[in-house]
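Please read the structure below before turning to the comments.
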Amino acid sequence: MKKLYKLKLIALAISTTFITACGDAETNIVEQDPIVVEDEHDHEGDNHDHDDGYTIDSLGRLAVLAGNSNEASFYDLDDNALLETFTLTNDSNTLSSSPDFRYAVIVSRAQDYLGFIDGGLWREDHGEHLHDYEQRPAASSYELTSGSRPTHLITHDGQLAVFYDGDADSGTVASVEVLTDNNITSATATLPGISFDINMHGVAEPRGEHLLSTIRRDDSESTSVAKVLPDQVGVYHFHDGEYELEQTLDLTCPDLHGAAQNHDYVVFGCSDGVLLAHQHDDEYEAEKIANIAAVGDLRIGSIYGHEDSETFIGVASGHGGGEAVIVTINPATAQMEELEWQLADGASAVSYSFSAHGEHFLILDSLGFLNVFSAHDHDGEMHWELEGQVDITEQDVSTMPEGMSFSMTVAQNGQFAYVADPIAQHVVQVHLEDLEIESELELTFPPTSITWLGIAQEIEDEDHDH
C-alpha cells in the first residue's frame with residue numbers, strides 16, 4: 001500500500017509557528033521519524049553492484065508530479081518500483097532537483113514556498129574514498145518561506161540560486177537566496193543572499209564565490225520596455241558571510257530575461273541580443289551580441305548552457321509563447337546563428353535540455369518527438385546537427401489532457417533521458433546514443449512534471465552496464 005505523507009512542518013517536541021509571506025493556503029511539512037542510514041554494503045537483498053564496498057551502481061530515482069492531484073511519487077529506476085507517494089499541501093507546484101540531485105525541490109510560487117523531499121540517494125567524499133548512501137525517500141522538515149514569489153531557480157556546480165520576484169501589489173521586494181544540498185540536510189536557518197529595494201522579474205547565476213544577479217534601475221533610467229524586467233547585471237562577491245556588490249557590468253540588457261553559463265561565460269537574454277559576461281579572475285568583461293535577422297521582433301528569453309559546451313542555445317519567442325526561433329550562441333567568436341532545423345508543422349517545443357555531459361541537446365515537441373542534436377566541428381567551429389528523432393508516444397496527441405504536455409528530465413549518470421506521457425500515463429526511458437526507447441514506467445495518473453534524482457557521475461566514472 002502506498003504511504004502518504006502530509007507535507008506539514010512540525011518540529012519534533014517543539015511547537016513552532018511558521019508564517020508564509022502571501023497566499024490563502026498555509027504551507028507546512030510533517031517530519032517523519034528519522035530513517036537510520038545503513039552502509040549500503042550491509043543491505044540484504046541489494047541487487048546493486050558495489051565495486052569497492054562504498055559506491056552504488058544505480059540508475060537513480062524519478063520524482064513525478066501528478067496532474068490530477070497534489071501528489072508527488074518517487075520511483076526506483078532500477079526496477080521501476082514505486083517507493084513512496086507524498087501528498088502536497090498546495091495544489092499548484094513546480095518540480096526540480098537540488099544542485100547535487102539528492103532532493104526534489106517543490107515550489108509553490110503563489111504561496112511563497114519551497115519544500116524539499118529527500119530522494120534517498122547521495123554521495124559523500126570521505127577523503128580516502130567516495131561513500132554512497134541509499135534509503136527510502138523521505139519528506140524534509142526544511143522549507144523556505146521568507147522570500148516573495150520564488151520564480152527562477154538556477155543550479156550550477158553544487159549551488160542553487162533562488163530568485164524571488166517580490167510583488168508590487170503587496171510592496172514586497174525582490175531577493176535572492178543561495179543554498180547547497182548540505183544546507184538542506186543541515187536545515188541552515190539563514191542563507192546567504194541579496195535583498196533589493198524593489199520588485200523585479202529577475203534571475204541570478206551562482207558561480208563559486210560570485211553571484212551574477214540582475215539589477216532593476218529606476219523606471220526613468222531603465223532601457224526596458226516592461227519596467228518590471230531589469231536591464232543591468234551586477235557581480236556580487238561572497239566574503240565574511242554575505243554577498244557584496246563589487247561590479248556592475250557597463251553594458252545594458254533591455255528587458256533582460258533568461259540566463260545560462262558554461263566554464264568561461266555567463267549569458268543573459270536581452271530584447272536587442274544577448275549580454276556576455278566573461279570572467280577574468282575576479283573581474284568580468286561585458287560584451288553584446290546583437291540579434292540576427294532571423295530573430296526579428298522576438299526576444300531571446302530562454303538560454304540553455306552546459307559547463308562543457310562551448311556554445312549556448314537561445315530561444316526567441318513572443319511573450320506568452322507562439323512562434324519561436326532557436327539560435328546557437330558562440331561567446332568566443334561573438335556569433336549568433338539560427339539552428340538549421342525547424343519543428344514539424346503543427347508542433348511546438350515543450351521542453352529543452354542538455355544531456356548530462358553536454359554532448360547532446362534535446363528538444364521535446366508537442367507531437368511527441370524527442371529531437372536529439374549533437375555538436376560537430378566544421379572548419380574549427382561548432383555546429384549543432386540533428387542526430388535523430390525518437391517517437392515517444394503511440395497516442396493521439398489531440399487527446400492530451402487540458403493544460404498538460406509531455407515533459408522531460410535527463411539522467412546525470414548515463415546517456416538516458418526520461419519522457420513523461422500524460423495521455424498514456426507512463427514514462428519512457430530513451431537511450432540518447434542508440435535513439436531507442438529501452439524501458440517503460442507505468443503510472444496510475446497523468447504526469448505533469450518529472451525530475452531525475454540520484455548520484456551524478458563524471459564521464460570517466462561512467463561504467464554502467466544497464
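We name chains A, B, ... following the order of the C-alpha cells; residues begin at 1 in each chain, and ligands are numbered from 1 as shown.
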
Using only C-alpha atoms, tabulate the residues of region 84-117 of chain A lying at most 9 Å from any atom of region 436-454 of chain A, each with its closest atom pair and that distance in Å to one decimal, by chain and increasing residue number, as JSON lines.
```
{"residue": "A:Thr94", "atom": "CA", "partner": "A:Ser449", "partner_atom": "CA", "distance": 7.5}
{"residue": "A:Leu95", "atom": "CA", "partner": "A:Ser449", "partner_atom": "CA", "distance": 6.5}
{"residue": "A:Ser96", "atom": "CA", "partner": "A:Thr451", "partner_atom": "CA", "distance": 5.9}
{"residue": "A:Ser97", "atom": "CA", "partner": "A:Thr451", "partner_atom": "CA", "distance": 6.5}
{"residue": "A:Ser98", "atom": "CA", "partner": "A:Leu453", "partner_atom": "CA", "distance": 8.6}
{"residue": "A:Asp100", "atom": "CA", "partner": "A:Gly454", "partner_atom": "CA", "distance": 8.2}
{"residue": "A:Phe101", "atom": "CA", "partner": "A:Leu453", "partner_atom": "CA", "distance": 4.9}
{"residue": "A:Arg102", "atom": "CA", "partner": "A:Leu453", "partner_atom": "CA", "distance": 5.8}
{"residue": "A:Tyr103", "atom": "CA", "partner": "A:Leu453", "partner_atom": "CA", "distance": 6.9}
{"residue": "A:Ala104", "atom": "CA", "partner": "A:Leu453", "partner_atom": "CA", "distance": 7.3}
```

Residue selection dump (C-alpha atoms) as a PDB file, in the first residue's frame:
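Output (part37.pdb):
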```pdb
ATOM      1  CA  THR A  94       6.602  23.036  -9.837  1.00  0.00           C
ATOM      2  CA  LEU A  95       9.245  20.340  -9.534  1.00  0.00           C
ATOM      3  CA  SER A  96      13.013  20.470  -9.926  1.00  0.00           C
ATOM      4  CA  SER A  97      16.128  18.989  -8.319  1.00  0.00           C
ATOM      5  CA  SER A  98      18.619  20.269  -5.777  1.00  0.00           C
ATOM      6  CA  ASP A 100      23.582  17.737  -6.219  1.00  0.00           C
ATOM      7  CA  PHE A 101      20.398  15.850  -7.205  1.00  0.00           C
ATOM      8  CA  ARG A 102      19.649  14.421  -3.761  1.00  0.00           C
ATOM      9  CA  TYR A 103      16.442  16.366  -3.125  1.00  0.00           C
ATOM     10  CA  ALA A 104      13.310  17.077  -5.104  1.00  0.00           C
TER      11      ALA A 104
END
```

Inset, instruction - Would you kindly return, as a PyMOL selection string, each protein, DNA or RNA residue with an atom no farther than 6 Å from any atom of Leu229 (chain A), considering only C-alpha atoms and excluding same-chain residues fewer than 2 positions away? - result: chain A and resi 200-201+226-227+255-256

Grab the residues selected above and save them as an mmCIF file, in the first residue's frame with C-alpha atoms.
```cif
data_model
loop_
_atom_site.group_PDB
_atom_site.id
_atom_site.type_symbol
_atom_site.label_atom_id
_atom_site.label_comp_id
_atom_site.auth_asym_id
_atom_site.auth_seq_id
_atom_site.Cartn_x
_atom_site.Cartn_y
_atom_site.Cartn_z
ATOM 1 C CA MET A 200 11.639 42.693 -10.366
ATOM 2 C CA HIS A 201 11.249 39.668 -12.594
ATOM 3 C CA ALA A 226 8.482 46.258 -19.455
ATOM 4 C CA LYS A 227 9.852 48.092 -16.425
ATOM 5 C CA ASP A 255 14.046 43.525 -20.970
ATOM 6 C CA LEU A 256 16.519 41.027 -19.521
#
```

Inset, instruction - Identify, on the basis of only C-alpha atoms, every residue whose closest approach to region 340-348 of chain A does not exceed 8 Å; exclude the query and any residue fewer than 3 positions from it along the same chain; express the result as a ChimeraX atom specification. - result: /A:365-367,385-386

Preceding selection exported with C-alpha atoms as an mmCIF file, in the first residue's frame:
```cif
data_model
loop_
_atom_site.group_PDB
_atom_site.id
_atom_site.type_symbol
_atom_site.label_atom_id
_atom_site.label_comp_id
_atom_site.auth_asym_id
_atom_site.auth_seq_id
_atom_site.Cartn_x
_atom_site.Cartn_y
_atom_site.Cartn_z
ATOM 1 C CA ASP A 365 7.960 18.760 -29.046
ATOM 2 C CA SER A 366 4.194 18.780 -28.651
ATOM 3 C CA LEU A 367 3.699 15.985 -31.220
ATOM 4 C CA GLU A 385 23.033 18.953 -36.085
ATOM 5 C CA LEU A 386 20.016 16.680 -35.685
#
```

Legend entry - Test item: residues at most 7 Å from Lys288 (chain A), only C-alpha atoms, excluding those fewer than 6 positions along its chain, as a list in words: Gly273, Val274, Leu275 and Leu276 of chain A

Legend entry - Backbone-only DSSP, strand (DSSP E) members of region 216-431 of chain A, as a PyMOL selection string: chain A and resi 232-239+242-248+259-261+265-270+273-280+283-290+299-304+312-318+321-330+335-338+349-354+360-365+369-378+381-391+407-410+416-421+426-431

Inset, instruction - Would you work out the distance separating CA of His426 (chain A) from CA of Leu65 (chain A), expressed in Å to one decimal? - result: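 So the two atoms, CA of His426 (chain A) and CA of Leu65 (chain A), lie 12.1 Å apart.
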
Inset, instruction - Show which residues sit within 7 Å of His152 (chain A), as a PyMOL selection string. Count only C-alpha atoms, and ignore same-chain residues fewer than 2 positions away. - result: chain A and resi 150+154+162-163+203

Keeping only N, CA, C and O atoms, write those residues as an mmCIF file, in the first residue's frame.
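Now in result_16.cif:
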```
data_model
loop_
_atom_site.group_PDB
_atom_site.id
_atom_site.type_symbol
_atom_site.label_atom_id
_atom_site.label_comp_id
_atom_site.auth_asym_id
_atom_site.auth_seq_id
_atom_site.Cartn_x
_atom_site.Cartn_y
_atom_site.Cartn_z
ATOM 1 N N PRO A 150 8.948 33.016 -5.374
ATOM 2 C CA PRO A 150 10.108 32.311 -5.938
ATOM 3 C C PRO A 150 9.810 31.892 -7.376
ATOM 4 O O PRO A 150 8.814 31.215 -7.644
ATOM 5 N N ILE A 154 18.131 28.531 -10.410
ATOM 6 C CA ILE A 154 19.278 28.219 -11.264
ATOM 7 C C ILE A 154 20.298 27.425 -10.451
ATOM 8 O O ILE A 154 20.717 27.859 -9.372
ATOM 9 N N VAL A 162 17.996 30.900 -5.792
ATOM 10 C CA VAL A 162 16.552 31.093 -5.889
ATOM 11 C C VAL A 162 16.290 32.590 -6.015
ATOM 12 O O VAL A 162 16.639 33.360 -5.113
ATOM 13 N N PHE A 163 15.696 32.987 -7.134
ATOM 14 C CA PHE A 163 15.366 34.402 -7.319
ATOM 15 C C PHE A 163 13.886 34.604 -7.000
ATOM 16 O O PHE A 163 13.013 33.988 -7.610
ATOM 17 N N VAL A 203 16.775 37.229 -12.395
ATOM 18 C CA VAL A 203 17.436 35.935 -12.375
ATOM 19 C C VAL A 203 18.828 36.121 -11.786
ATOM 20 O O VAL A 203 19.416 37.211 -11.884
#
```
